[in-house]
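Structure record follows, encoded as structure tokens.
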Amino acid sequence: MTSKARNAFAVLGGRLGAVLFALLLLPLSALAQPVDPVAARARVDSIRGELTQIESALGNPNASDAELQRQRLRLQPLLDQIRALTEEQAPRFEQARARLEQLGPKPDAKAPPEAAEVAKERDAREKGFSEADESLKLARATQLQAEQLQTAISDLRRERFAKMLFAPGPSPLSPETWAATVTTLPSDIRASHLVFGDWLSVFSAALLSPRGVIVLLGFIGAIGLYVARARYLPRLSNRLAAHETDSEVRCLYGAIIRLFARSAPPALASWLIYAALNTAGLLPPRIQPVILAIVYGLALFAFVQALADALFAPGEPQRRLVSVMESTARTVVWMAGWLAIVMASGKVLEAWLQAIAAGLTLSIIVRSVLAALFALTLVVGLYRLRDNDEIEQEACLGPYVPVDGASLGPVRILSWVVGVAIILAVLLGYVVLATFLTEQVLWLGILAGLFVLLMQLIELGIGNLLTGEGRFALTLRTGVGLRAATLQKFAVVLTGVLKIVLIVVTIMLVLAPWGLESADFLTSLRAAFFGFQVGGVTVSLSSIFVAAAMFALGLAATRSLQGWLNDKFLPTTKLDTGLRNSITTAAGYLGYAAAVALAVSTLGFSLERLTLVASALSVGIGFGLQSVVSNFVSGLILLWERPIRVGDQVLVGDAEGIVKRINVRSTEIETFDRSTVVVPNSNLVSGVVRNRVRSDRTGRVLISISVPRTFDPTEVRSLLADAGTEHGDVLKKPPPIVLFKKIATTTLDFDLICVVGDVDQVGRVTSDLNYVIHKRLAELEKPAAAAELTVKGLEGIEQSLGSIATAVAGERKAPARKGASKVKASRSRAANEVAADETEEDAPAKNGSAPEAGKDEAAGKDDNKE
């Protein structure tokens with residue numbers, strides 16, 4: 001889609017939105033034509049007359065259910081008319097009261113009389129107000145009468161239904177019942193022969209006439225439908241379900257296709273035969289209900305069998321929508337088919353008994369036998385539905401049905417109770433109750449199957465339709481331009497709404513056979529939607545929806561205004577960031593208040609009711625909402641006085657950072673470690689807050705260093721001052737300052753103080769200066785000398801080693817001598833060794849005792865003698 005097309009769609013959407021907005025603002029009374037009081041009174045009198053006739057008809061104790069239903073159908077349009085008339089008279093009454101209140105109260109006897117024209121106008125307005133008030137009261141009274149009659153009809157029908165349902169009759173075990181049946185049986189057989197024998201003869205003769213062609217075409221069409229069902233059903237199911245890649249969606253679509261393909265052909269074939277016979281004139285009045293019952297019975301059996309096969313799929317676990325065992329699936333399908341056969345047979349037999357005008361006892365026995373067969377089939381099926389240890393792997397699992405047999409426990413127990421109750425009702429003579437229970441069992445089973453199927457269709461089908469890769473979803477994304485996230489949200493909302501509708505409709509269908517009619521539910525729903533009186537206040541869902549729509553429109557308009565101010569208008573001004581935020585926030589407060597006022601006025605609350613609500617809120621504020629109100633008022637003070645603005649660097653308690661947002665209740669402060677501190681507004685107003693940029697936006701850079709005492713303080717001062725001066729973001733006025741703070745034992749402490757143009761630059765400038773200072777300090781440091789180790793007291797050892805080295809060197813140079821020379825050399829070496837020993841023991845001998853020294857000298861003399 002091009003940008004021009006999108007703009008055109010946007011303009012068209014804006015115009016449609018404006019039209020809808022105008023229609024919502026326009027009162028419904030303005031759309032209605034003015035009502036003549038005389039004509040309105042005549043309409044009310046006519047409706048009251050008809051209501052009186054209906055009320056007298058209800059007083060007849062012998063009125064049948066058909067008569068009650070007829071009176072109900074007669075009452076419904078009258079109720080609609082009186083409701084419309086009441087809605088028309090309400091605006092007229094409000095206008096007359098407003099015109100009368102404009103004149104003010106009538107002066108008392110002591111006050112001077114009012115002018116003649118004013119008195120005349122007052123009389124006219126009082127007369128109009130009296131007429132409007134009388135018409136409105138009469139219309140509301142008539143409406144109340146009609147609603148009471150509607151409730152009375154519903155109560156009477158439910159009461160008579162309960163009496164008929166629980167009325168005891170002859171028991172099939174009674175001998176009198178069988179005796180009466182045997183007595184009337186020959187006459188019933190003759191009646192059957194007369195009715196159906198004559199019809200069969202007429203039907204056989206008609207087959208050879210031109211009318212037989214129509215009947216023959218009907219039978220050929222029915223056979224063709226059955227053949228098409230058997231031949232083309234598998235192909236159709238596989239072809240339509242093969243387009244889906246998701247296995248669950250494919251199984252769901254396949255089940256729906258099989259449901260329609262298996263149930264539609266038999267029902268259509270039966271209807272073709274019935275239509276052909278009716279068109280050929282071969283259905284006399286007595287035979288027609290029987291043939292029609294056969295058509296309905298075949299359609300019922302085909303639909304129940306198709307529904308059970310679609311959900312449980314015996315023999316095909318790969319397409320099963322319900323996760324159960326194979327034996328359970330086969331048993332459920334078998335039980336559903338046989339229950340449908342019994343029910344269809346019962347309807348056909350009842351139509352046959354009515355056609356021959358059979359006796360009462362025969363009808364009781366036939367109904368009892370069919371109810372007993374139904375209960376026995378149900379009991380046998382429940383007995384076969386027992387747990388199996390072997391659980392098969394299922395391919396398609398539905399999210400709304402039991403996953404195993406244990407979850408079916410409550411359903412099985414209830415089914416056992418119903419089966420036993422049907423048998424007991426038959427034995428005790430409550431045949432009507434037993435027949436009703438058999439119908440309800442099959443009816444609830446059909447509703448449960450359809451509910452599961454439709455719920456899965458809503459859950460999987462809607463999501464796949466809007467968010468999948470199908471043609472419709474791709475068209476929405478590419479053609480319309482909707483994003484995948486938007487489609488996902490819309491799919492979730494639509495799925496939820498459809499689920500609620502499905503649940504409500506299912507509940508209505510479940511309760512419908514017990515006396516709850518759709519008209520009753522729709523009446524209650526209409527009253528809830530269009531309004532009902534509660535303590536003098538009209539409550540309606542329609543007004544709530546309209547009020548919510550008005551509030552949403554006001555909220556959207558406020559957000560749009562805030563966005564325009566923040567993005568378009570305020571950036572063109574020279575206002576600072578904090579003042580811009582205050583203006584935008586104040587505009588938001590005004591817009592929110594206007595949206596709330598518009599929504600409240602749409603609900604119909606007057607100023608007096610709002611005063612009562614405000615007084616109640618004041619009590620709540622006095623007890624539990626003090627802190628909330630205090631924070632709200634403090635937020636308004638912050639926006640008005642602006643001691644703290646968005647973008648200021650503040651210190652609140654232990655938290656220091658930049659103010660990012662001032663909300664209704666609290667203020668958000670972003671610290672320098674990127675964390676957010678939420679401070680209540682009351683703390684900022686009543687507490688102590690340090691604002692570093694209250695007067696200006698300049699920032700202060702403080703760098704503290706410690707250097708060794710060997711450094712020259714003058715050089716360090718020059719180094720720091722040059723680093724601050726050379727940085728481009730440091731202001732020249734005031735220039736950087738270097739402070740010599742402290743002379744410690746081993747270090748010298750200095751502070752470099754600089755000023756930058758904006759507080760947001762403090763962190764970056766501090767980092768840059770630290771890099772430069774570290775580099776220059778490294779250049780000032782001198783390289784350390786290599787370490788030396790000196791050992792004292794080793795002089796004697798050094799001399800001895802030198803003498804030994806000299807002697808060894810001389811021995812190697814001199815030639816070998818004989819005799820005395822060898823002895824002399826030997827003595828010489830011995831003397832050198834003695835001298836070396838004396839040298840080594842010299843130091844310990846000085847510190848030792850005298851006897852030990854004497855021993856050493858004696859040992860030396862002995863060595864010399866040798």
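Identifiers for the structure tokens are assigned positionally: chains receive A, B, ... in sequence, residues are indexed from 1 per chain, and ligands are indexed from 1 in the order shown.
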Selection near stretch 412-417 of chain A, 9 Å with only C-alpha atoms, sequence-local residues under 3 positions removed, as a PDB file with all heavy atoms, in the first residue's frame:
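After the write, result_21.pdb holds the following:
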```
ATOM      1  N   LEU A 378     -27.804 -46.919  27.884  1.00  0.00           N
ATOM      2  CA  LEU A 378     -26.899 -46.019  28.600  1.00  0.00           C
ATOM      3  C   LEU A 378     -26.105 -46.775  29.659  1.00  0.00           C
ATOM      4  O   LEU A 378     -24.888 -46.581  29.801  1.00  0.00           O
ATOM      5  CB  LEU A 378     -27.709 -44.890  29.233  1.00  0.00           C
ATOM      6  CG  LEU A 378     -26.926 -43.828  30.016  1.00  0.00           C
ATOM      7  CD1 LEU A 378     -25.968 -43.085  29.103  1.00  0.00           C
ATOM      8  CD2 LEU A 378     -27.889 -42.859  30.694  1.00  0.00           C
ATOM      9  N   VAL A 379     -26.764 -47.662  30.395  1.00  0.00           N
ATOM     10  CA  VAL A 379     -26.082 -48.413  31.451  1.00  0.00           C
ATOM     11  C   VAL A 379     -25.052 -49.369  30.865  1.00  0.00           C
ATOM     12  O   VAL A 379     -23.918 -49.490  31.372  1.00  0.00           O
ATOM     13  CB  VAL A 379     -27.113 -49.166  32.310  1.00  0.00           C
ATOM     14  CG1 VAL A 379     -26.429 -50.140  33.251  1.00  0.00           C
ATOM     15  CG2 VAL A 379     -27.957 -48.175  33.105  1.00  0.00           C
ATOM     16  N   LEU A 382     -22.062 -47.363  29.770  1.00  0.00           N
ATOM     17  CA  LEU A 382     -21.260 -46.928  30.916  1.00  0.00           C
ATOM     18  C   LEU A 382     -20.474 -48.092  31.513  1.00  0.00           C
ATOM     19  O   LEU A 382     -19.352 -47.904  31.991  1.00  0.00           O
ATOM     20  CB  LEU A 382     -22.173 -46.311  31.980  1.00  0.00           C
ATOM     21  CG  LEU A 382     -22.841 -44.982  31.602  1.00  0.00           C
ATOM     22  CD1 LEU A 382     -23.824 -44.573  32.691  1.00  0.00           C
ATOM     23  CD2 LEU A 382     -21.800 -43.896  31.395  1.00  0.00           C
ATOM     24  N   LEU A 385     -17.462 -48.591  29.487  1.00  0.00           N
ATOM     25  CA  LEU A 385     -16.495 -47.496  29.588  1.00  0.00           C
ATOM     26  C   LEU A 385     -15.683 -47.639  30.876  1.00  0.00           C
ATOM     27  O   LEU A 385     -15.789 -46.850  31.806  1.00  0.00           O
ATOM     28  CB  LEU A 385     -17.220 -46.139  29.588  1.00  0.00           C
ATOM     29  CG  LEU A 385     -17.724 -45.631  28.247  1.00  0.00           C
ATOM     30  CD1 LEU A 385     -18.504 -44.345  28.438  1.00  0.00           C
ATOM     31  CD2 LEU A 385     -16.577 -45.406  27.287  1.00  0.00           C
ATOM     32  N   LEU A 408     -13.116 -38.375  33.546  1.00  0.00           N
ATOM     33  CA  LEU A 408     -14.516 -38.584  33.209  1.00  0.00           C
ATOM     34  C   LEU A 408     -15.316 -39.137  34.379  1.00  0.00           C
ATOM     35  O   LEU A 408     -16.475 -39.523  34.194  1.00  0.00           O
ATOM     36  CB  LEU A 408     -14.614 -39.552  32.026  1.00  0.00           C
ATOM     37  CG  LEU A 408     -14.165 -39.008  30.662  1.00  0.00           C
ATOM     38  CD1 LEU A 408     -14.113 -40.129  29.653  1.00  0.00           C
ATOM     39  CD2 LEU A 408     -15.081 -37.911  30.183  1.00  0.00           C
ATOM     40  N   GLY A 409     -14.712 -39.237  35.566  1.00  0.00           N
ATOM     41  CA  GLY A 409     -15.389 -39.815  36.716  1.00  0.00           C
ATOM     42  C   GLY A 409     -16.692 -39.142  37.055  1.00  0.00           C
ATOM     43  O   GLY A 409     -17.739 -39.817  37.177  1.00  0.00           O
ATOM     44  N   VAL A 420     -30.262 -44.904  36.247  1.00  0.00           N
ATOM     45  CA  VAL A 420     -31.050 -45.539  37.307  1.00  0.00           C
ATOM     46  C   VAL A 420     -32.337 -44.770  37.555  1.00  0.00           C
ATOM     47  O   VAL A 420     -33.413 -45.362  37.787  1.00  0.00           O
ATOM     48  CB  VAL A 420     -30.200 -45.657  38.585  1.00  0.00           C
ATOM     49  CG1 VAL A 420     -31.038 -46.176  39.737  1.00  0.00           C
ATOM     50  CG2 VAL A 420     -28.999 -46.564  38.351  1.00  0.00           C
ATOM     51  N   ALA A 421     -32.274 -43.413  37.496  1.00  0.00           N
ATOM     52  CA  ALA A 421     -33.480 -42.601  37.710  1.00  0.00           C
ATOM     53  C   ALA A 421     -34.519 -42.853  36.625  1.00  0.00           C
ATOM     54  O   ALA A 421     -35.736 -42.883  36.904  1.00  0.00           O
ATOM     55  CB  ALA A 421     -33.101 -41.126  37.758  1.00  0.00           C
ATOM     56  N   ILE A 422     -34.095 -43.042  35.388  1.00  0.00           N
ATOM     57  CA  ILE A 422     -35.044 -43.320  34.305  1.00  0.00           C
ATOM     58  C   ILE A 422     -35.748 -44.654  34.545  1.00  0.00           C
ATOM     59  O   ILE A 422     -36.987 -44.771  34.399  1.00  0.00           O
ATOM     60  CB  ILE A 422     -34.308 -43.321  32.953  1.00  0.00           C
ATOM     61  CG1 ILE A 422     -33.818 -41.910  32.604  1.00  0.00           C
ATOM     62  CG2 ILE A 422     -35.212 -43.840  31.841  1.00  0.00           C
ATOM     63  CD1 ILE A 422     -32.952 -41.848  31.359  1.00  0.00           C
ATOM     64  N   VAL A 441     -30.846 -36.346  28.155  1.00  0.00           N
ATOM     65  CA  VAL A 441     -29.533 -36.997  28.058  1.00  0.00           C
ATOM     66  C   VAL A 441     -28.957 -36.836  26.663  1.00  0.00           C
ATOM     67  O   VAL A 441     -27.798 -36.439  26.477  1.00  0.00           O
ATOM     68  CB  VAL A 441     -29.645 -38.486  28.440  1.00  0.00           C
ATOM     69  CG1 VAL A 441     -28.374 -39.238  28.084  1.00  0.00           C
ATOM     70  CG2 VAL A 441     -29.930 -38.626  29.928  1.00  0.00           C
TER      71      VAL A 441
END
```
Of the candidates A:Val772, A:Leu639, A:Leu376, A:Gly359, which shows the shortest atom-to-atom distance to A:Thr725, using only C-alpha atoms?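 Using only C-alpha atoms, A:Thr725 sits closest to A:Val772.
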Which residues are close to A:Gly429, i.e. within 10 Å by only C-alpha atoms, leaving aside same-chain residues fewer than 5 positions away? Reply as a list in words. Ala167, Pro168, Gly169, Pro170, Ser171, Pro172, Leu173, Ser174, Ile364, Ser368, Leu424 and Ala434 of chain A
For A:Leu437, which residue out of A:Leu702, A:Ala485, A:Leu165, A:Leu509 is the nearest one, using only C-alpha atoms? A:Leu165
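Neighbours of A:Ala351 closer than or equal to 10 Å, with only C-alpha atoms counted and sequence neighbours fewer than 5 positions away skipped, come out as Arg286, Ile287, Gln288, Pro289, Val290, Ile291, Leu292, Ala293, Ile294, Ser345, Gly346, Ile356 and Ala357 of chain A.
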